[in-house]
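Below is one structure, written out as structure tokens; the observations come after it.
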Amino acid sequence: MSDKVRGNVMLLLTAMIWGGGFVAQSAGMDYIGPFTFCAARYVLAMLALIPVIFLFSVQARKNPRASLGKKFAPDRVTLWGGLYCGLTLGVADALQQVGICYTTAGKAGFITALYIIMVPLMGRVVGQRIPKVLAFCVLLAIVGFYFLCVNEELSVGYGDFLTLCCAVFFSLHIWVIDYFMKRKADGIKLSWVQFAVAFVFASGLVGGFEAPSLESLWAARYPLLFAGVISSGIAYTLQILGQKYTDPTIATLLMSLESVFAVIAGWAVLGEVMNGREIFGCVLVFIAVLLAQLPLPALKR
């Protein structure tokens, strides 16, 4: 299996896990607050990654006999990458988690997928060329967002708006990962550091707005385990490692399938149903997301 195929498989698995993660995030809100949920999932993600670091980090593979401290300690690039990734991830997750309290898992998945279009737009800001068809994709996505989220009174739901804001920070998160992975950061250690930074950020929000109890945390143990160990610890690490072997455009194309898996999981597990207007909006958003990532020669054909 080539490195590119391996990276694409990792990103596809990431999309599947994240799609199911919307269900876990929605179910967890029955027991604890959104910031507590974020903080707890980060702790679980950090614990899940510790044995992975000792076995598969760059330092561990280069020198299996190195001390535990050397295997675990991140280098300067990895440390700074984890700091910036953790800040963007912490803001994005907080916005998304609060947004899910006021919207469905399926809608949250499709709104979050708009970061796929924002990634190449941000690339234009830093001087990268983008296909002209992207303007059409943006317009199509706006129309799709209208049908998906704007009600008959021409107002956007609070949860939908917060989820849209989270998409902005998820797009920043992708570019930050790409920047530091190109500078040879250790992907697994970077993932651990980002969760540690995001935990500190979420803990500050918990201290200011929530008062969780051990009983409520225990009641939310199953959603937390999925969101912390699988959706965070495994999937975010797969994202970082997968992006190492492919470019951001292909990465975002594969991860856009997250929205489809979110709708399927919301329907199968939570019994969520969309009306015809919302389904039409989902279709437009998904078409815009796919067109934004296809190479220009493919579009011409």
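Chains: A, B, ... in order of the structure tokens. Residues: from 1 per chain. Ligands: from 1, in order shown.
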
Close residues, Tyr115 of chain A itself excluded, 9 Å, only C-alpha atoms, min 3 positions apart in chain, as a ChimeraX atom specification:
/A:111-112,118-119,164,166-172,252,256,289

Test item: residues at most 9 Å from Ile240 of chain A, only C-alpha atoms, excluding those fewer than 3 positions along its chain, as a ChimeraX atom specification
/A:11,174,177-178,181,187-188,190-191,235-237,243-244

Using DSSP secondary structure from the backbone, list all helix (DSSP H, G or I) positions within segment 62-132 of chain A, as a tab-separated table (two decimals) with N, CA and C atoms, in the first residue's frame.
chain	number	residue	atom	x	y	z
A	62	LYS	N	12.75	5.61	16.00
A	62	LYS	CA	14.16	5.80	15.67
A	62	LYS	C	15.08	5.19	16.72
A	68	LEU	N	12.08	6.77	28.69
A	68	LEU	CA	10.67	7.14	28.56
A	68	LEU	C	10.51	8.64	28.40
A	69	GLY	N	11.35	9.41	29.09
A	69	GLY	CA	11.27	10.86	28.99
A	69	GLY	C	11.57	11.35	27.59
A	70	LYS	N	12.61	10.78	26.95
A	70	LYS	CA	12.96	11.18	25.60
A	70	LYS	C	11.89	10.75	24.59
A	71	LYS	N	11.28	9.59	24.82
A	71	LYS	CA	10.23	9.13	23.92
A	71	LYS	C	9.00	10.03	23.99
A	72	PHE	N	8.74	10.56	25.17
A	72	PHE	CA	7.52	11.34	25.36
A	72	PHE	C	7.70	12.83	25.06
A	76	ARG	N	10.72	21.20	19.63
A	76	ARG	CA	10.23	22.58	19.61
A	76	ARG	C	9.10	22.77	18.59
A	77	VAL	N	9.29	22.22	17.38
A	77	VAL	CA	8.27	22.38	16.34
A	77	VAL	C	6.97	21.71	16.76
A	78	THR	N	7.07	20.50	17.28
A	78	THR	CA	5.88	19.76	17.72
A	78	THR	C	5.17	20.49	18.86
A	79	LEU	N	5.94	21.05	19.79
A	79	LEU	CA	5.35	21.75	20.92
A	79	LEU	C	4.56	22.98	20.46
A	80	TRP	N	5.17	23.79	19.58
A	80	TRP	CA	4.48	24.97	19.08
A	80	TRP	C	3.28	24.58	18.21
A	81	GLY	N	3.44	23.52	17.42
A	81	GLY	CA	2.31	23.05	16.62
A	81	GLY	C	1.16	22.61	17.49
A	82	GLY	N	1.45	21.88	18.57
A	82	GLY	CA	0.41	21.44	19.48
A	82	GLY	C	-0.30	22.60	20.16
A	83	LEU	N	0.47	23.67	20.46
A	83	LEU	CA	-0.11	24.85	21.09
A	83	LEU	C	-1.14	25.51	20.18
A	84	TYR	N	-0.76	25.76	18.93
A	84	TYR	CA	-1.68	26.42	18.00
A	84	TYR	C	-2.84	25.50	17.61
A	85	CYS	N	-2.55	24.22	17.41
A	85	CYS	CA	-3.62	23.28	17.08
A	85	CYS	C	-4.61	23.17	18.24
A	86	GLY	N	-4.08	23.14	19.46
A	86	GLY	CA	-4.95	23.02	20.63
A	86	GLY	C	-5.87	24.20	20.80
A	87	LEU	N	-5.37	25.40	20.54
A	87	LEU	CA	-6.20	26.60	20.68
A	87	LEU	C	-7.32	26.61	19.64
A	88	THR	N	-6.97	26.34	18.38
A	88	THR	CA	-8.01	26.34	17.34
A	88	THR	C	-9.01	25.20	17.55
A	89	LEU	N	-8.50	24.05	17.95
A	89	LEU	CA	-9.39	22.92	18.22
A	89	LEU	C	-10.30	23.19	19.40
A	90	GLY	N	-9.75	23.78	20.47
A	90	GLY	CA	-10.55	24.07	21.65
A	90	GLY	C	-11.70	25.01	21.35
A	91	VAL	N	-11.44	26.07	20.58
A	91	VAL	CA	-12.50	27.02	20.22
A	91	VAL	C	-13.53	26.34	19.33
A	92	ALA	N	-13.05	25.58	18.33
A	92	ALA	CA	-13.96	24.92	17.39
A	92	ALA	C	-14.87	23.93	18.11
A	93	ASP	N	-14.30	23.09	18.97
A	93	ASP	CA	-15.11	22.10	19.69
A	93	ASP	C	-16.10	22.74	20.64
A	94	ALA	N	-15.70	23.82	21.31
A	94	ALA	CA	-16.60	24.50	22.23
A	94	ALA	C	-17.81	25.06	21.48
A	95	LEU	N	-17.55	25.72	20.35
A	95	LEU	CA	-18.65	26.26	19.55
A	95	LEU	C	-19.56	25.15	19.04
A	96	GLN	N	-18.95	24.07	18.57
A	96	GLN	CA	-19.75	22.97	18.04
A	96	GLN	C	-20.58	22.30	19.12
A	97	GLN	N	-19.97	22.09	20.30
A	97	GLN	CA	-20.67	21.39	21.36
A	97	GLN	C	-21.87	22.19	21.87
A	98	VAL	N	-21.71	23.50	22.01
A	98	VAL	CA	-22.85	24.33	22.40
A	98	VAL	C	-23.89	24.34	21.28
A	99	GLY	N	-23.44	24.41	20.03
A	99	GLY	CA	-24.37	24.43	18.91
A	99	GLY	C	-25.21	23.18	18.82
A	100	ILE	N	-24.62	22.02	19.13
A	100	ILE	CA	-25.36	20.77	19.06
A	100	ILE	C	-26.51	20.74	20.08
A	105	ALA	N	-27.99	16.45	15.20
A	105	ALA	CA	-26.66	15.94	14.85
A	105	ALA	C	-26.44	15.98	13.34
A	106	GLY	N	-27.49	15.64	12.57
A	106	GLY	CA	-27.37	15.65	11.12
A	106	GLY	C	-27.11	17.03	10.55
A	107	LYS	N	-27.89	18.02	11.01
A	107	LYS	CA	-27.67	19.39	10.54
A	107	LYS	C	-26.31	19.91	10.96
A	108	ALA	N	-25.90	19.59	12.19
A	108	ALA	CA	-24.58	20.02	12.66
A	108	ALA	C	-23.48	19.46	11.78
A	109	GLY	N	-23.66	18.20	11.33
A	109	GLY	CA	-22.66	17.59	10.47
A	109	GLY	C	-22.51	18.31	9.14
A	110	PHE	N	-23.63	18.69	8.52
A	110	PHE	CA	-23.56	19.36	7.23
A	110	PHE	C	-23.07	20.79	7.36
A	111	ILE	N	-23.47	21.48	8.41
A	111	ILE	CA	-22.98	22.86	8.59
A	111	ILE	C	-21.48	22.84	8.85
A	112	THR	N	-21.03	21.91	9.68
A	112	THR	CA	-19.60	21.81	9.95
A	112	THR	C	-18.82	21.54	8.67
A	115	TYR	N	-16.54	23.87	6.35
A	115	TYR	CA	-15.12	24.19	6.48
A	115	TYR	C	-14.35	23.69	5.26
A	116	ILE	N	-14.91	22.72	4.55
A	116	ILE	CA	-14.25	22.20	3.36
A	116	ILE	C	-14.07	23.31	2.31
A	117	ILE	N	-15.07	24.18	2.20
A	117	ILE	CA	-14.99	25.29	1.26
A	117	ILE	C	-14.11	26.40	1.82
A	118	MET	N	-14.13	26.56	3.14
A	118	MET	CA	-13.34	27.62	3.75
A	118	MET	C	-11.84	27.36	3.65
A	119	VAL	N	-11.43	26.09	3.59
A	119	VAL	CA	-10.00	25.77	3.53
A	119	VAL	C	-9.34	26.37	2.28
A	120	PRO	N	-9.87	26.12	1.06
A	120	PRO	CA	-9.24	26.76	-0.10
A	120	PRO	C	-9.39	28.28	-0.11
A	121	LEU	N	-10.47	28.81	0.46
A	121	LEU	CA	-10.62	30.26	0.54
A	121	LEU	C	-9.51	30.86	1.40
A	122	MET	N	-9.20	30.20	2.50
A	122	MET	CA	-8.11	30.68	3.35
A	122	MET	C	-6.77	30.53	2.64
A	123	GLY	N	-6.66	29.49	1.80
A	123	GLY	CA	-5.45	29.35	1.01
A	123	GLY	C	-5.23	30.52	0.08
A	124	ARG	N	-6.32	31.09	-0.43
A	124	ARG	CA	-6.20	32.27	-1.29
A	124	ARG	C	-5.65	33.46	-0.52
A	125	VAL	N	-5.99	33.54	0.77
A	125	VAL	CA	-5.50	34.64	1.59
A	125	VAL	C	-3.98	34.59	1.74

With only C-alpha atoms as the counted atoms, please give the residues lying no more than 12 Å from segment 29-35 of chain A, apart from itself and same-chain residues fewer than 4 positions off, as a compact mmCIF listing (two decimals) with all heavy atoms, in the first residue's frame.
# COMPACT_ATOMS: atom_id res chain seq x y z
N PHE A 22 -20.98 12.87 16.22
CA PHE A 22 -22.05 13.84 16.43
C PHE A 22 -23.17 13.25 17.29
O PHE A 22 -23.79 13.95 18.09
CB PHE A 22 -22.61 14.32 15.09
CG PHE A 22 -21.75 15.33 14.39
CD1 PHE A 22 -20.88 14.94 13.38
CD2 PHE A 22 -21.80 16.67 14.73
CE1 PHE A 22 -20.08 15.87 12.74
CE2 PHE A 22 -21.01 17.60 14.10
CZ PHE A 22 -20.14 17.21 13.10
N VAL A 23 -23.43 11.96 17.11
CA VAL A 23 -24.45 11.29 17.92
C VAL A 23 -24.01 11.23 19.38
O VAL A 23 -24.79 11.52 20.30
CB VAL A 23 -24.71 9.87 17.38
CG1 VAL A 23 -25.63 9.11 18.32
CG2 VAL A 23 -25.32 9.94 15.99
N ALA A 24 -22.75 10.86 19.61
CA ALA A 24 -22.23 10.81 20.98
C ALA A 24 -22.26 12.18 21.63
O ALA A 24 -22.63 12.32 22.81
CB ALA A 24 -20.80 10.26 20.97
N GLN A 25 -21.90 13.22 20.87
CA GLN A 25 -21.91 14.57 21.42
C GLN A 25 -23.32 15.01 21.78
O GLN A 25 -23.55 15.67 22.79
CB GLN A 25 -21.31 15.55 20.41
CG GLN A 25 -19.81 15.38 20.22
CD GLN A 25 -19.27 16.26 19.11
OE1 GLN A 25 -18.91 15.77 18.04
NE2 GLN A 25 -19.22 17.55 19.33
N ALA A 39 -13.94 19.08 27.97
CA ALA A 39 -12.80 18.87 28.86
C ALA A 39 -12.60 17.39 29.16
O ALA A 39 -11.47 16.87 29.14
CB ALA A 39 -12.98 19.65 30.15
N ALA A 40 -13.69 16.68 29.43
CA ALA A 40 -13.60 15.26 29.76
C ALA A 40 -13.11 14.44 28.57
O ALA A 40 -12.30 13.52 28.72
CB ALA A 40 -14.95 14.75 30.24
N ARG A 41 -13.58 14.78 27.37
CA ARG A 41 -13.15 14.01 26.20
C ARG A 41 -11.66 14.22 25.92
O ARG A 41 -10.99 13.32 25.45
CB ARG A 41 -14.00 14.37 24.98
CG ARG A 41 -13.71 15.72 24.37
CD ARG A 41 -14.64 16.07 23.23
NE ARG A 41 -14.39 15.27 22.04
CZ ARG A 41 -14.96 15.51 20.86
NH1 ARG A 41 -15.82 16.52 20.73
NH2 ARG A 41 -14.67 14.77 19.82
N TYR A 42 -11.16 15.42 26.22
CA TYR A 42 -9.74 15.68 26.00
C TYR A 42 -8.88 14.85 26.96
O TYR A 42 -7.82 14.35 26.58
CB TYR A 42 -9.42 17.16 26.18
CG TYR A 42 -10.08 18.06 25.17
CD1 TYR A 42 -10.54 19.33 25.53
CD2 TYR A 42 -10.25 17.67 23.85
CE1 TYR A 42 -11.14 20.17 24.61
CE2 TYR A 42 -10.87 18.50 22.92
CZ TYR A 42 -11.30 19.75 23.31
OH TYR A 42 -11.91 20.57 22.40
N GLY A 90 -9.75 23.78 20.47
CA GLY A 90 -10.55 24.07 21.65
C GLY A 90 -11.70 25.01 21.35
O GLY A 90 -12.84 24.78 21.80
N VAL A 91 -11.44 26.07 20.58
CA VAL A 91 -12.50 27.02 20.22
C VAL A 91 -13.53 26.34 19.33
O VAL A 91 -14.75 26.49 19.52
CB VAL A 91 -11.91 28.26 19.52
CG1 VAL A 91 -13.03 29.18 19.04
CG2 VAL A 91 -10.97 29.00 20.46
N ALA A 92 -13.05 25.58 18.33
CA ALA A 92 -13.96 24.92 17.39
C ALA A 92 -14.87 23.93 18.11
O ALA A 92 -16.10 23.91 17.89
CB ALA A 92 -13.16 24.21 16.30
N ASP A 93 -14.30 23.09 18.97
CA ASP A 93 -15.11 22.10 19.69
C ASP A 93 -16.10 22.74 20.64
O ASP A 93 -17.23 22.27 20.79
CB ASP A 93 -14.19 21.15 20.46
CG ASP A 93 -13.70 20.00 19.61
OD1 ASP A 93 -14.25 19.78 18.52
OD2 ASP A 93 -12.74 19.32 20.02
N ALA A 94 -15.70 23.82 21.31
CA ALA A 94 -16.60 24.50 22.23
C ALA A 94 -17.81 25.06 21.48
O ALA A 94 -18.96 24.91 21.92
CB ALA A 94 -15.86 25.61 22.96
N LEU A 95 -17.55 25.72 20.35
CA LEU A 95 -18.65 26.26 19.55
C LEU A 95 -19.56 25.15 19.04
O LEU A 95 -20.79 25.26 19.06
CB LEU A 95 -18.08 27.06 18.37
CG LEU A 95 -17.41 28.39 18.71
CD1 LEU A 95 -16.66 28.93 17.50
CD2 LEU A 95 -18.45 29.41 19.19
N GLN A 96 -18.95 24.07 18.57
CA GLN A 96 -19.75 22.97 18.04
C GLN A 96 -20.58 22.30 19.12
O GLN A 96 -21.76 21.98 18.91
CB GLN A 96 -18.84 21.94 17.38
CG GLN A 96 -19.59 20.80 16.70
CD GLN A 96 -18.64 19.75 16.16
OE1 GLN A 96 -17.99 19.03 16.90
NE2 GLN A 96 -18.54 19.68 14.84
N GLN A 97 -19.97 22.09 20.30
CA GLN A 97 -20.67 21.39 21.36
C GLN A 97 -21.87 22.19 21.87
O GLN A 97 -22.94 21.62 22.12
CB GLN A 97 -19.71 21.10 22.51
CG GLN A 97 -20.19 20.02 23.45
CD GLN A 97 -20.36 18.68 22.75
OE1 GLN A 97 -19.51 18.26 21.99
NE2 GLN A 97 -21.47 18.02 23.00
N VAL A 98 -21.71 23.50 22.01
CA VAL A 98 -22.85 24.33 22.40
C VAL A 98 -23.89 24.34 21.28
O VAL A 98 -25.10 24.27 21.54
CB VAL A 98 -22.40 25.76 22.73
CG1 VAL A 98 -23.61 26.64 23.06
CG2 VAL A 98 -21.43 25.76 23.90
N GLY A 99 -23.44 24.41 20.03
CA GLY A 99 -24.37 24.43 18.91
C GLY A 99 -25.21 23.18 18.82
O GLY A 99 -26.40 23.25 18.50
N ILE A 100 -24.62 22.02 19.13
CA ILE A 100 -25.36 20.77 19.06
C ILE A 100 -26.51 20.74 20.08
O ILE A 100 -27.49 20.03 19.89
CB ILE A 100 -24.39 19.58 19.26
CG1 ILE A 100 -23.54 19.40 18.00
CG2 ILE A 100 -25.12 18.29 19.58
CD1 ILE A 100 -22.51 18.30 18.09
N CYS A 101 -26.39 21.52 21.15
CA CYS A 101 -27.47 21.59 22.13
C CYS A 101 -28.73 22.19 21.53
O CYS A 101 -29.84 21.99 22.05
CB CYS A 101 -27.05 22.44 23.33
SG CYS A 101 -25.69 21.76 24.31
N TYR A 102 -28.60 22.94 20.43
CA TYR A 102 -29.73 23.68 19.86
C TYR A 102 -30.05 23.27 18.43
O TYR A 102 -30.87 23.92 17.77
CB TYR A 102 -29.44 25.18 19.89
CG TYR A 102 -29.17 25.71 21.28
CD1 TYR A 102 -27.87 25.84 21.76
CD2 TYR A 102 -30.22 26.06 22.13
CE1 TYR A 102 -27.62 26.31 23.03
CE2 TYR A 102 -29.99 26.53 23.40
CZ TYR A 102 -28.68 26.66 23.85
OH TYR A 102 -28.43 27.13 25.13
N THR A 103 -29.42 22.21 17.93
CA THR A 103 -29.73 21.73 16.58
C THR A 103 -29.55 20.22 16.56
O THR A 103 -29.16 19.61 17.56
CB THR A 103 -28.82 22.40 15.53
OG1 THR A 103 -29.28 22.07 14.22
CG2 THR A 103 -27.37 21.96 15.67
N THR A 104 -29.84 19.58 15.43
CA THR A 104 -29.73 18.13 15.34
C THR A 104 -28.32 17.72 14.94
O THR A 104 -27.54 18.51 14.40
CB THR A 104 -30.71 17.58 14.30
OG1 THR A 104 -30.35 18.06 13.00
CG2 THR A 104 -32.14 18.01 14.62
N ALA A 105 -27.99 16.45 15.20
CA ALA A 105 -26.66 15.94 14.85
C ALA A 105 -26.44 15.98 13.34
O ALA A 105 -25.35 16.30 12.87
CB ALA A 105 -26.50 14.51 15.38
N ALA A 198 -6.08 22.11 24.56
CA ALA A 198 -7.54 22.24 24.47
C ALA A 198 -8.20 21.95 25.81
O ALA A 198 -9.22 22.57 26.15
CB ALA A 198 -8.08 21.30 23.38
N PHE A 199 -7.64 21.03 26.59
CA PHE A 199 -8.19 20.72 27.91
C PHE A 199 -8.08 21.93 28.84
O PHE A 199 -9.02 22.26 29.56
CB PHE A 199 -7.46 19.53 28.53
CG PHE A 199 -7.74 19.34 29.99
CD1 PHE A 199 -8.96 18.84 30.41
CD2 PHE A 199 -6.80 19.68 30.94
CE1 PHE A 199 -9.25 18.68 31.77
CE2 PHE A 199 -7.06 19.53 32.29
CZ PHE A 199 -8.29 19.02 32.71
N VAL A 200 -6.94 22.59 28.81
CA VAL A 200 -6.76 23.79 29.64
C VAL A 200 -7.78 24.85 29.24
O VAL A 200 -8.41 25.50 30.10
CB VAL A 200 -5.32 24.34 29.51
CG1 VAL A 200 -5.19 25.67 30.23
CG2 VAL A 200 -4.32 23.33 30.07
N PHE A 201 -7.97 25.03 27.94
CA PHE A 201 -8.95 26.01 27.45
C PHE A 201 -10.36 25.65 27.90
O PHE A 201 -11.10 26.50 28.42
CB PHE A 201 -8.87 26.07 25.92
CG PHE A 201 -9.89 26.98 25.29
CD1 PHE A 201 -9.68 28.35 25.24
CD2 PHE A 201 -11.06 26.47 24.73
CE1 PHE A 201 -10.62 29.20 24.66
CE2 PHE A 201 -12.00 27.30 24.16
CZ PHE A 201 -11.78 28.67 24.12
N ALA A 202 -10.76 24.38 27.71
CA ALA A 202 -12.10 23.96 28.09
C ALA A 202 -12.31 24.01 29.60
O ALA A 202 -13.40 24.35 30.07
CB ALA A 202 -12.37 22.54 27.57
N SER A 203 -11.26 23.69 30.37
CA SER A 203 -11.38 23.73 31.83
C SER A 203 -11.66 25.14 32.32
O SER A 203 -12.41 25.34 33.29
CB SER A 203 -10.10 23.19 32.47
OG SER A 203 -9.91 21.84 32.14
N GLY A 204 -11.06 26.13 31.66
CA GLY A 204 -11.35 27.52 32.02
C GLY A 204 -12.81 27.86 31.79
O GLY A 204 -13.43 28.57 32.61
N LEU A 205 -13.39 27.36 30.70
CA LEU A 205 -14.81 27.59 30.44
C LEU A 205 -15.69 26.86 31.45
O LEU A 205 -16.72 27.38 31.88
CB LEU A 205 -15.15 27.13 29.02
CG LEU A 205 -14.48 27.91 27.88
CD1 LEU A 205 -14.83 27.28 26.53
CD2 LEU A 205 -14.90 29.38 27.90
N VAL A 206 -15.27 25.65 31.84
CA VAL A 206 -16.04 24.91 32.85
C VAL A 206 -16.06 25.68 34.16
O VAL A 206 -17.11 25.83 34.81
CB VAL A 206 -15.44 23.50 33.07
CG1 VAL A 206 -16.10 22.82 34.27
CG2 VAL A 206 -15.60 22.65 31.82
N GLY A 207 -14.90 26.18 34.58
CA GLY A 207 -14.83 26.94 35.82
C GLY A 207 -15.68 28.20 35.81
O GLY A 207 -16.18 28.63 36.85
N GLY A 208 -15.86 28.79 34.62
CA GLY A 208 -16.62 30.02 34.54
C GLY A 208 -18.11 29.83 34.35
O GLY A 208 -18.90 30.70 34.75
N PHE A 209 -18.53 28.68 33.76
CA PHE A 209 -19.94 28.56 33.39
C PHE A 209 -20.64 27.30 33.90
O PHE A 209 -21.87 27.24 33.89
CB PHE A 209 -20.07 28.58 31.86
CG PHE A 209 -19.58 29.85 31.22
CD1 PHE A 209 -18.33 29.92 30.66
CD2 PHE A 209 -20.38 30.99 31.20
CE1 PHE A 209 -17.86 31.09 30.07
CE2 PHE A 209 -19.94 32.16 30.62
CZ PHE A 209 -18.67 32.21 30.06
N GLU A 210 -19.90 26.28 34.34
CA GLU A 210 -20.55 25.01 34.69
C GLU A 210 -20.03 24.49 36.03
O GLU A 210 -18.96 24.89 36.51
CB GLU A 210 -20.30 23.96 33.59
CG GLU A 210 -20.89 24.35 32.25
CD GLU A 210 -20.52 23.40 31.13
OE1 GLU A 210 -19.77 22.44 31.39
OE2 GLU A 210 -20.99 23.61 29.99
N ALA A 211 -20.81 23.57 36.61
CA ALA A 211 -20.42 22.94 37.88
C ALA A 211 -20.74 21.45 37.79
O ALA A 211 -21.74 20.97 38.32
CB ALA A 211 -21.18 23.58 39.05
N PRO A 212 -19.90 20.68 37.12
CA PRO A 212 -20.19 19.26 36.92
C PRO A 212 -20.02 18.45 38.20
O PRO A 212 -19.31 18.85 39.12
CB PRO A 212 -19.14 18.84 35.88
CG PRO A 212 -18.00 19.79 36.11
CD PRO A 212 -18.64 21.09 36.49
N SER A 213 -20.68 17.30 38.25
CA SER A 213 -20.56 16.38 39.38
C SER A 213 -20.06 15.03 38.87
O SER A 213 -20.17 14.72 37.68
CB SER A 213 -21.92 16.20 40.06
OG SER A 213 -22.85 15.58 39.18
N LEU A 214 -19.53 14.23 39.78
CA LEU A 214 -19.05 12.90 39.41
C LEU A 214 -20.20 12.02 38.91
O LEU A 214 -20.03 11.20 38.01
CB LEU A 214 -18.36 12.23 40.60
CG LEU A 214 -17.02 12.85 41.03
CD1 LEU A 214 -16.49 12.15 42.27
CD2 LEU A 214 -16.01 12.77 39.90
N GLU A 215 -21.40 12.21 39.51
CA GLU A 215 -22.55 11.42 39.09
C GLU A 215 -22.94 11.72 37.65
O GLU A 215 -23.25 10.80 36.87
CB GLU A 215 -23.74 11.70 40.01
CG GLU A 215 -23.59 11.18 41.44
CD GLU A 215 -22.71 12.09 42.30
OE1 GLU A 215 -22.35 13.20 41.82
OE2 GLU A 215 -22.38 11.69 43.43
N SER A 216 -22.92 12.99 37.27
CA SER A 216 -23.29 13.35 35.90
C SER A 216 -22.24 12.86 34.90
O SER A 216 -22.58 12.42 33.79
CB SER A 216 -23.48 14.87 35.78
OG SER A 216 -22.27 15.56 36.08
N LEU A 217 -20.97 12.94 35.29
CA LEU A 217 -19.91 12.44 34.41
C LEU A 217 -20.03 10.93 34.20
O LEU A 217 -19.84 10.42 33.10
CB LEU A 217 -18.53 12.78 34.99
CG LEU A 217 -18.11 14.25 34.89
CD1 LEU A 217 -16.88 14.50 35.75
CD2 LEU A 217 -17.82 14.63 33.44
N TRP A 218 -20.36 10.22 35.27
CA TRP A 218 -20.51 8.77 35.16
C TRP A 218 -21.71 8.42 34.29
O TRP A 218 -21.67 7.46 33.50
CB TRP A 218 -20.66 8.15 36.54
CG TRP A 218 -20.85 6.65 36.51
CD1 TRP A 218 -21.98 5.96 36.81
CD2 TRP A 218 -19.86 5.67 36.16
NE1 TRP A 218 -21.78 4.61 36.66
CE2 TRP A 218 -20.49 4.40 36.26
CE3 TRP A 218 -18.53 5.75 35.76
CZ2 TRP A 218 -19.81 3.21 35.98
CZ3 TRP A 218 -17.86 4.56 35.47
CH2 TRP A 218 -18.50 3.32 35.59
N ALA A 219 -22.78 9.21 34.40
CA ALA A 219 -23.96 8.96 33.59
C ALA A 219 -23.66 9.15 32.10
O ALA A 219 -24.27 8.50 31.24
CB ALA A 219 -25.10 9.88 34.02
N ALA A 220 -22.72 10.03 31.79
CA ALA A 220 -22.36 10.31 30.39
C ALA A 220 -21.15 9.50 29.94
O ALA A 220 -20.52 9.84 28.93
CB ALA A 220 -22.08 11.80 30.23
N ARG A 221 -20.83 8.42 30.64
CA ARG A 221 -19.58 7.70 30.38
C ARG A 221 -19.49 7.12 28.97
O ARG A 221 -18.42 7.16 28.34
CB ARG A 221 -19.39 6.58 31.41
CG ARG A 221 -20.47 5.52 31.43
CD ARG A 221 -20.32 4.62 32.65
NE ARG A 221 -21.31 3.56 32.72
CZ ARG A 221 -22.55 3.72 33.19
NH1 ARG A 221 -22.93 4.92 33.61
NH2 ARG A 221 -23.39 2.71 33.23
N TYR A 222 -20.60 6.60 28.44
CA TYR A 222 -20.53 5.97 27.12
C TYR A 222 -20.34 7.00 26.00
O TYR A 222 -19.46 6.82 25.13
CB TYR A 222 -21.76 5.10 26.87
CG TYR A 222 -21.84 3.92 27.81
CD1 TYR A 222 -22.94 3.74 28.65
CD2 TYR A 222 -20.80 2.98 27.87
CE1 TYR A 222 -23.01 2.67 29.53
CE2 TYR A 222 -20.87 1.91 28.76
CZ TYR A 222 -21.98 1.75 29.57
OH TYR A 222 -22.03 0.70 30.44
N PRO A 223 -21.12 8.08 25.96
CA PRO A 223 -20.82 9.11 24.96
C PRO A 223 -19.42 9.69 25.11
O PRO A 223 -18.75 9.98 24.12
CB PRO A 223 -21.90 10.18 25.22
CG PRO A 223 -23.02 9.44 25.86
CD PRO A 223 -22.37 8.39 26.69
N LEU A 224 -18.96 9.85 26.37
CA LEU A 224 -17.63 10.41 26.60
C LEU A 224 -16.53 9.47 26.11
O LEU A 224 -15.53 9.90 25.53
CB LEU A 224 -17.42 10.70 28.09
CG LEU A 224 -18.04 12.00 28.60
CD1 LEU A 224 -17.92 12.09 30.12
CD2 LEU A 224 -17.38 13.21 27.95

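Atom CA of Ala196 of chain A is positioned 14.6 Å from atom CA of Phe37 of chain A.
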
Considering only C-alpha atoms, state which residue in the set A:Ile142, A:Met255, A:Phe226, A:Lys182 is at the smallest distance from Leu12 of chain A.
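Going through A:Ile142, A:Met255, A:Phe226, A:Lys182 one by one, the smallest distance to Leu12 of chain A is for A:Met255.
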